[in-house]
Amino acid sequence: MTSTRVDSADGVWTVLGRADGRVVAVDLDADGRERARIELTAAALPRWVAERESADAPRWVWHDTPGWYDALLAAGIRVSKAHDLRLVHAIVRDAAAVTEDDGLRRAREWDATPAVPGGEAALFDLGEHAAGPPDDIASAMAELARQRAALARSRTPGALRLLAAAESAGALLACELRAAGLPWDASAHDAILRETLGEREGGGLPARIQQCAAEVRAALGDPTAGLDSHPKLLRALHRAGVLVDSTSRWELERHEHPVIAPLIEYKRLMRLYTANGWAWLAEWVRDGRFRPVYVPAGVVTGRWASSGGGALQIPRQLRAAVRADPGWCLVIADVAQLEPRILAAMARDTALAEAARGRDLYAGIVAQGALPTRAEAKVALLGAMYGATTGDSGRLVPRLRRAFPRAMRLVDEAARTGEDGGAVSTWLGRTSPPPDAAWAASQSQASGADAEDTDRTRARRSARDRGRFTRNFIVQGTAAEWALAWLADLRLRLAALPDVAQHEAAPRSGPAFARRPHLAFYLHDEIIVHAPLSYADAVATCVRESAASAGRLLFGDFPVDFPLDLSVVESASAK
DNA sequence: CGGCGCGGCGCG
DNA sequence: AAAGCGCGCCGCGCCG
């Protein structure tokens with residue numbers, strides 16, 4: 001297997017940008033000096049990129065990945081490496097390790113919102129940078145120079161360059177995931193909907209929802225009770241003697257009344273119907289593929305977000321609709337308890353890493369005697385990373401503090417920094433945003449001589465809120481970096497798999513790369529690869545090796561495992 | 001009428 | 001009424 005590198009200390013960089021209606025490509029050497037410059041028509045670009053890709057596979061530098069890569073993918077061209085100026089700008093701009101920014105922070109035109117594929121939203125959006133970052137070659141060259149200089153002078157150039165490369169690989173993958181799509185069996189989805197919700201009759205709600213609604217109204221003794229408006233439902237519940245303060249499920253469950261069960265069922269069915277019902281199916285699934293819009297770094301911690309389609313919230317109930325094409329399979333893998341393992345590695349906490357040695361980190365904590373049961377170990381650890389102070393979780397955290405002082409010190413310190421208005425950074429250097437002006441103003445006002453008790457209370461609470469955010473930021477953000485490193489390595493390994501003699505029933509439509517094993521889904525700590533059956537073992541090996549490689553890339557030889565739950569299946573429901 | 005905030009719930 | 005992080009989407013109801 002050829003070695004696959006995520007790092008960016010490598011050969012040729014080629015900057016793409018526009019000028020006078022044409023495309024300009026500039027080759028740079030390792031020091032960033034211009035070596036060659038050519039002009040192309042937009043129509044000639046894909047073929048030229050493909051030639052360069054097979055000749056010397058440069059790192060492609062561009063203002064925004066979807067703005068260039070969607071068209072290349074549509075032309076059947078895939079690239080291996082990129083540098084996304086918009087995404088890297090945001091990292092460098094906020095990074096605490098960047099001390100001399102070489103004018104980068106003043107280049108406000110790069111503070112742009114992500115362009116949404118296929119979206120026309122920018123048309124009426126008069127926001128300052130609604131049009132996205134500048135795509136001309138001069139701007140791209142200038143911004144790249146600022147970024148390279150700022151990174152070179154930063155306190156942690158290696159880590160930040162790695163983050164830039166991983167972030168950009170993620171941007172490539174986000175386009176590829178959308179182009180390939182997640183194989184989705186619309187008839188299986190329809191069957192689940194009909195099974196769960198009942199048949200649709202006329203223009204009304206499905207049968208089982210109507211039945212539930214009737215049972216709820218009967219139990220309330222109110223044949224016209226409105227169930228979809230919280231105020232109306234709350235009043236109806238009160239009239240029936242159910243004295244709840246909200247209509248949320250966890251509160252309803254605490255009451256005994258004939259209305260409770262059918263009401264909870266009604267809400268469950270309505271949720272499925274409205275969020276992932278037939279309307280969703282018609283809008284988001286085409287030609288057997290679900291194509292969500294992924295938004296790399298859409299979350300401040302560096303996690304991806306999604307826009308439209310709810311890619312990050314597909315209910316487990318519908319997983320059976322995720323089905324491989326005939327003759328193909330799904331290789332599904334997720335990391336067991338990623339965030340506590342990340343915490344152990346970041347803190348160099350060998351005791352926690354030892355507990356994480358096996359498959360089940362929580363069982364490992366119990367085995368060490370830190371906490372009596374698995375359930376308590378889990379809630380305590382989540383509480384530690386989320387900043388729980390009360391309840392079961394808050395009560396258990398002190399025991400964790402005794403057992404794993406290094407890990408706990410790391411998150412406690414991050415919380416304290418956040419409470420004081422400071423910034424914290426992930427392992428590779430992504431830095432939390434500064435508190436907004438209102439937060440800072442309320443803190444200083446509360447510490448003044450003329451502050452009221454209510455001011456102090458409120459300021460204290462918002463300080464603690466921010467502490468919980470920064471506490472979680474370092475762990476969630478570093479977990480996102482590990483996942484990016486995993487993905488970046490995996491997509492290169494998959495692309496490097498040799499062709500087998502006979503492809504099984506490769507889909508005739510869709511991009512060329514999707515006729516070979518390819519990533520089809522990604523969600524925080526889980527991936528799905530869609531592959532011909534004959535590739536199953538090779539893909540599983542790639543997935544495992546990439547995970548091991550990501551651990552080494554971030555944490556060197558620190559002994560922490562990132563075990564995968566991996567399965568090769570026809571349908572995601574079997575997992 | 002569209003925009004927005006909220007409650008609620010799906011996901012990690 | 002959430003204790004304890006991060007998201008997106010739905011329907012409702014209010015506002016202009």
# chains A, B, ... in the order shown; residues from 1 in each chain; ligands from 1
$ residues_around --residues "region 143-151 of chain A" --least-positions-apart "5" --cutoff "8 Å" --atoms "only C-alpha atoms (C1' of nucleotides)" --output "tab-separated table (two decimals) with C-alpha atoms, in the first residue's frame"
chain	number	residue	atom	x	y	z
A	32	GLY	CA	5.66	29.67	-2.62
A	85	LEU	CA	-8.64	29.44	1.12
A	88	VAL	CA	-8.18	27.99	6.09
A	89	HIS	CA	-8.69	31.73	6.39
A	92	VAL	CA	-5.79	31.13	10.74
A	98	VAL	CA	-0.99	32.79	15.09
A	99	THR	CA	0.77	35.81	16.51
A	100	GLU	CA	1.69	37.74	13.36
A	101	ASP	CA	-1.12	37.47	10.89
A	102	ASP	CA	0.55	39.31	7.98
A	103	GLY	CA	-2.59	41.30	7.30
A	104	LEU	CA	-4.81	38.24	7.09
A	156	THR	CA	2.59	25.59	15.93
A	157	PRO	CA	3.13	25.61	12.16
A	160	LEU	CA	-1.90	24.18	11.85
A	161	ARG	CA	-0.68	23.05	8.43
$ select_by_dssp --residues "region 239-375 of chain A" --states "strand (DSSP E)" --output "NGL selection string"
:A and (285-286 or 289-290 or 294-295 or 305-306 or 328-335)
$ residues_around --residues "Gly369 (chain A)" --least-positions-apart "2" --cutoff "12 Å" --atoms "only C-alpha atoms (C1' of nucleotides)" --output "number ranges by chain"
A: 351, 355, 362-367, 371-374, 376-377, 399-400, 402-404
$ closest_atom_pairs --of "region 422-505 of chain A" --to "region 5-12 of chain B" --cutoff "12 Å" --atoms "only C-alpha atoms (C1' of nucleotides)" --output "Markdown table"
| residue | atom | partner | partner_atom | distance |
| --- | --- | --- | --- | --- |
| A:Gln476 | CA | B:DG12 | C1' | 10.2 |
| A:Ala479 | CA | B:DG12 | C1' | 11.3 |
| A:Ala480 | CA | B:DG12 | C1' | 11.1 |
$ residues_around --residues "DC4 (chain B)" --least-positions-apart "4" --cutoff "12 Å" --atoms "only C-alpha atoms (C1' of nucleotides)" --output "list in words"
DC12, DG13, DC14, DC15 and DG16 of chain C
$ select_by_dssp --residues "region 395-463 of chain A" --states "helix (DSSP H, G or I)" --output "ChimeraX atom specification"
/A:395-403,405-419,437-446,453-463
$ write_last_selection --atoms "C-alpha atoms" --output "PDB file, in the first residue's frame"
ATOM      1  CA  ARG A 395     -22.522  13.882  41.750  1.00  0.00           C
ATOM      2  CA  LEU A 396     -20.306  11.321  40.040  1.00  0.00           C
ATOM      3  CA  VAL A 397     -17.837  13.711  38.426  1.00  0.00           C
ATOM      4  CA  PRO A 398     -15.720  14.179  41.602  1.00  0.00           C
ATOM      5  CA  ARG A 399     -14.985  10.449  41.685  1.00  0.00           C
ATOM      6  CA  LEU A 400     -13.780  10.727  38.112  1.00  0.00           C
ATOM      7  CA  ARG A 401     -11.601  13.645  39.147  1.00  0.00           C
ATOM      8  CA  ARG A 402      -9.842  11.421  41.679  1.00  0.00           C
ATOM      9  CA  ALA A 403      -9.384   8.557  39.232  1.00  0.00           C
ATOM     10  CA  PRO A 405      -6.797  13.828  37.468  1.00  0.00           C
ATOM     11  CA  ARG A 406      -4.905  14.663  34.292  1.00  0.00           C
ATOM     12  CA  ALA A 407      -7.933  14.331  32.013  1.00  0.00           C
ATOM     13  CA  MET A 408     -10.149  16.220  34.401  1.00  0.00           C
ATOM     14  CA  ARG A 409      -7.603  18.974  34.879  1.00  0.00           C
ATOM     15  CA  LEU A 410      -7.553  19.535  31.115  1.00  0.00           C
ATOM     16  CA  VAL A 411     -11.309  20.041  30.795  1.00  0.00           C
ATOM     17  CA  ASP A 412     -11.608  21.924  34.095  1.00  0.00           C
ATOM     18  CA  GLU A 413      -8.899  24.307  32.949  1.00  0.00           C
ATOM     19  CA  ALA A 414     -10.645  24.826  29.603  1.00  0.00           C
ATOM     20  CA  ALA A 415     -13.836  25.663  31.476  1.00  0.00           C
ATOM     21  CA  ARG A 416     -12.082  28.148  33.737  1.00  0.00           C
ATOM     22  CA  THR A 417     -10.482  29.869  30.744  1.00  0.00           C
ATOM     23  CA  GLY A 418     -13.871  30.185  29.084  1.00  0.00           C
ATOM     24  CA  GLU A 419     -15.499  31.567  32.219  1.00  0.00           C
ATOM     25  CA  ALA A 437     -19.560  42.107  23.061  1.00  0.00           C
ATOM     26  CA  ALA A 438     -22.741  41.717  25.106  1.00  0.00           C
ATOM     27  CA  TRP A 439     -21.196  38.896  27.128  1.00  0.00           C
ATOM     28  CA  ALA A 440     -18.072  40.890  27.879  1.00  0.00           C
ATOM     29  CA  ALA A 441     -20.100  43.992  28.738  1.00  0.00           C
ATOM     30  CA  SER A 442     -22.322  42.075  31.134  1.00  0.00           C
ATOM     31  CA  GLN A 443     -19.286  40.563  32.877  1.00  0.00           C
ATOM     32  CA  SER A 444     -17.553  43.879  33.425  1.00  0.00           C
ATOM     33  CA  GLN A 445     -20.795  45.563  34.434  1.00  0.00           C
ATOM     34  CA  ALA A 446     -21.399  42.862  37.059  1.00  0.00           C
ATOM     35  CA  ASP A 453     -27.216  41.138  42.775  1.00  0.00           C
ATOM     36  CA  THR A 454     -29.306  40.213  39.765  1.00  0.00           C
ATOM     37  CA  ASP A 455     -26.550  41.493  37.460  1.00  0.00           C
ATOM     38  CA  ARG A 456     -23.985  39.402  39.294  1.00  0.00           C
ATOM     39  CA  THR A 457     -26.178  36.306  39.225  1.00  0.00           C
ATOM     40  CA  ARG A 458     -26.859  36.653  35.551  1.00  0.00           C
ATOM     41  CA  ALA A 459     -23.219  37.321  34.716  1.00  0.00           C
ATOM     42  CA  ARG A 460     -22.153  34.337  36.782  1.00  0.00           C
ATOM     43  CA  ARG A 461     -24.582  32.116  34.950  1.00  0.00           C
ATOM     44  CA  SER A 462     -23.481  33.248  31.511  1.00  0.00           C
ATOM     45  CA  ALA A 463     -19.848  32.835  32.568  1.00  0.00           C
TER      46      ALA A 463
END
$ closest_residue --among "A:Arg106, A:His83, A:Arg249, A:Arg466" --to "chain B" --atoms "only C-alpha atoms (C1' of nucleotides)"
A:Arg249
$ residues_around --residues "DA1 (chain C)" --least-positions-apart "6" --cutoff "10 Å" --atoms "only C-alpha atoms (C1' of nucleotides)" --output "list in words"
Val244, Asp245, Ser246, Ser248, Trp250 and Glu251 of chain A
$ write_last_selection --atoms "N, CA and C atoms" --output "PDB file, in the first residue's frame"
ATOM      1  N   VAL A 244     -49.107  19.694  33.583  1.00  0.00           N
ATOM      2  CA  VAL A 244     -47.721  19.789  33.124  1.00  0.00           C
ATOM      3  C   VAL A 244     -47.378  21.240  32.815  1.00  0.00           C
ATOM      4  N   ASP A 245     -46.102  21.548  32.850  1.00  0.00           N
ATOM      5  CA  ASP A 245     -45.650  22.900  32.521  1.00  0.00           C
ATOM      6  C   ASP A 245     -45.217  23.022  31.079  1.00  0.00           C
ATOM      7  N   SER A 246     -45.032  21.889  30.437  1.00  0.00           N
ATOM      8  CA  SER A 246     -44.680  21.908  29.022  1.00  0.00           C
ATOM      9  C   SER A 246     -45.304  20.672  28.392  1.00  0.00           C
ATOM     10  N   SER A 248     -43.502  18.592  26.548  1.00  0.00           N
ATOM     11  CA  SER A 248     -42.422  17.717  26.108  1.00  0.00           C
ATOM     12  C   SER A 248     -42.594  16.311  26.688  1.00  0.00           C
ATOM     13  N   TRP A 250     -40.625  14.036  28.015  1.00  0.00           N
ATOM     14  CA  TRP A 250     -40.070  13.613  29.300  1.00  0.00           C
ATOM     15  C   TRP A 250     -40.942  14.071  30.461  1.00  0.00           C
ATOM     16  N   GLU A 251     -41.648  15.192  30.271  1.00  0.00           N
ATOM     17  CA  GLU A 251     -42.520  15.641  31.362  1.00  0.00           C
ATOM     18  C   GLU A 251     -43.857  14.905  31.341  1.00  0.00           C
TER      19      GLU A 251
END
$ interface_residues --of "chain A" --to "chain C" --cutoff "10 Å" --atoms "only C-alpha atoms (C1' of nucleotides)" --output "PyMOL selection string"
chain A and resi 228-231+244-246+248+250-251+270-271+274-276+298-301+303-313+379+382-394+468-473+475-477
$ write_last_selection --atoms "C-alpha atoms" --output "short mmCIF file (atom, residue, chain, number, x, y, z; two decimals), in the first residue's frame"
data_model
loop_
_atom_site.label_atom_id
_atom_site.label_comp_id
_atom_site.auth_asym_id
_atom_site.auth_seq_id
_atom_site.Cartn_x
_atom_site.Cartn_y
_atom_site.Cartn_z
CA ASP A 228 -50.15 20.86 17.13
CA SER A 229 -50.15 24.14 19.00
CA HIS A 230 -48.31 24.01 22.30
CA PRO A 231 -50.44 26.66 24.05
CA VAL A 244 -47.72 19.79 33.12
CA ASP A 245 -45.65 22.90 32.52
CA SER A 246 -44.68 21.91 29.02
CA SER A 248 -42.42 17.72 26.11
CA TRP A 250 -40.07 13.61 29.30
CA GLU A 251 -42.52 15.64 31.36
CA MET A 270 -46.08 13.36 13.50
CA ARG A 271 -42.34 13.89 13.86
CA THR A 274 -43.26 15.94 8.97
CA ALA A 275 -39.46 15.56 9.17
CA ASN A 276 -38.80 12.41 7.11
CA GLY A 298 -20.30 24.51 9.82
CA VAL A 299 -20.01 24.14 13.60
CA VAL A 300 -17.57 26.38 15.51
CA THR A 301 -15.84 23.32 16.92
CA ARG A 303 -17.64 19.61 13.13
CA TRP A 304 -19.57 19.54 9.91
CA ALA A 305 -23.10 20.85 9.73
CA SER A 306 -25.65 20.24 7.04
CA SER A 307 -28.02 22.50 5.21
CA GLY A 308 -31.23 21.00 3.93
CA GLY A 309 -32.13 17.36 4.04
CA GLY A 310 -31.28 16.99 7.67
CA ALA A 311 -28.33 14.74 6.87
CA LEU A 312 -27.20 14.79 10.47
CA GLN A 313 -30.54 13.74 11.90
CA VAL A 379 -23.01 9.44 32.73
CA LEU A 382 -20.33 12.66 29.69
CA GLY A 383 -20.91 15.00 32.62
CA ALA A 384 -17.19 15.67 32.82
CA MET A 385 -16.98 16.63 29.17
CA TYR A 386 -20.23 18.61 29.14
CA GLY A 387 -19.76 20.31 32.49
CA ALA A 388 -22.52 18.74 34.56
CA THR A 389 -22.78 20.19 38.06
CA THR A 390 -25.97 18.70 39.41
CA GLY A 391 -28.00 15.54 39.16
CA ASP A 392 -26.57 12.02 38.96
CA SER A 393 -23.91 13.11 36.56
CA GLY A 394 -22.70 16.05 38.63
CA ARG A 468 -19.24 24.60 29.59
CA PHE A 469 -18.87 25.59 25.94
CA THR A 470 -15.07 25.92 26.08
CA ARG A 471 -14.82 22.76 28.21
CA ASN A 472 -16.58 20.83 25.48
CA PHE A 473 -14.95 22.74 22.62
CA VAL A 475 -12.80 17.69 23.13
CA GLN A 476 -15.49 17.95 20.48
CA GLY A 477 -13.18 19.96 18.23
#
$ residues_around --residues "region 510-512 of chain A" --least-positions-apart "5" --cutoff "12 Å" --atoms "only C-alpha atoms (C1' of nucleotides)" --output "ChimeraX atom specification"
/A:70-78,175-183,286-289,291,495,517-518
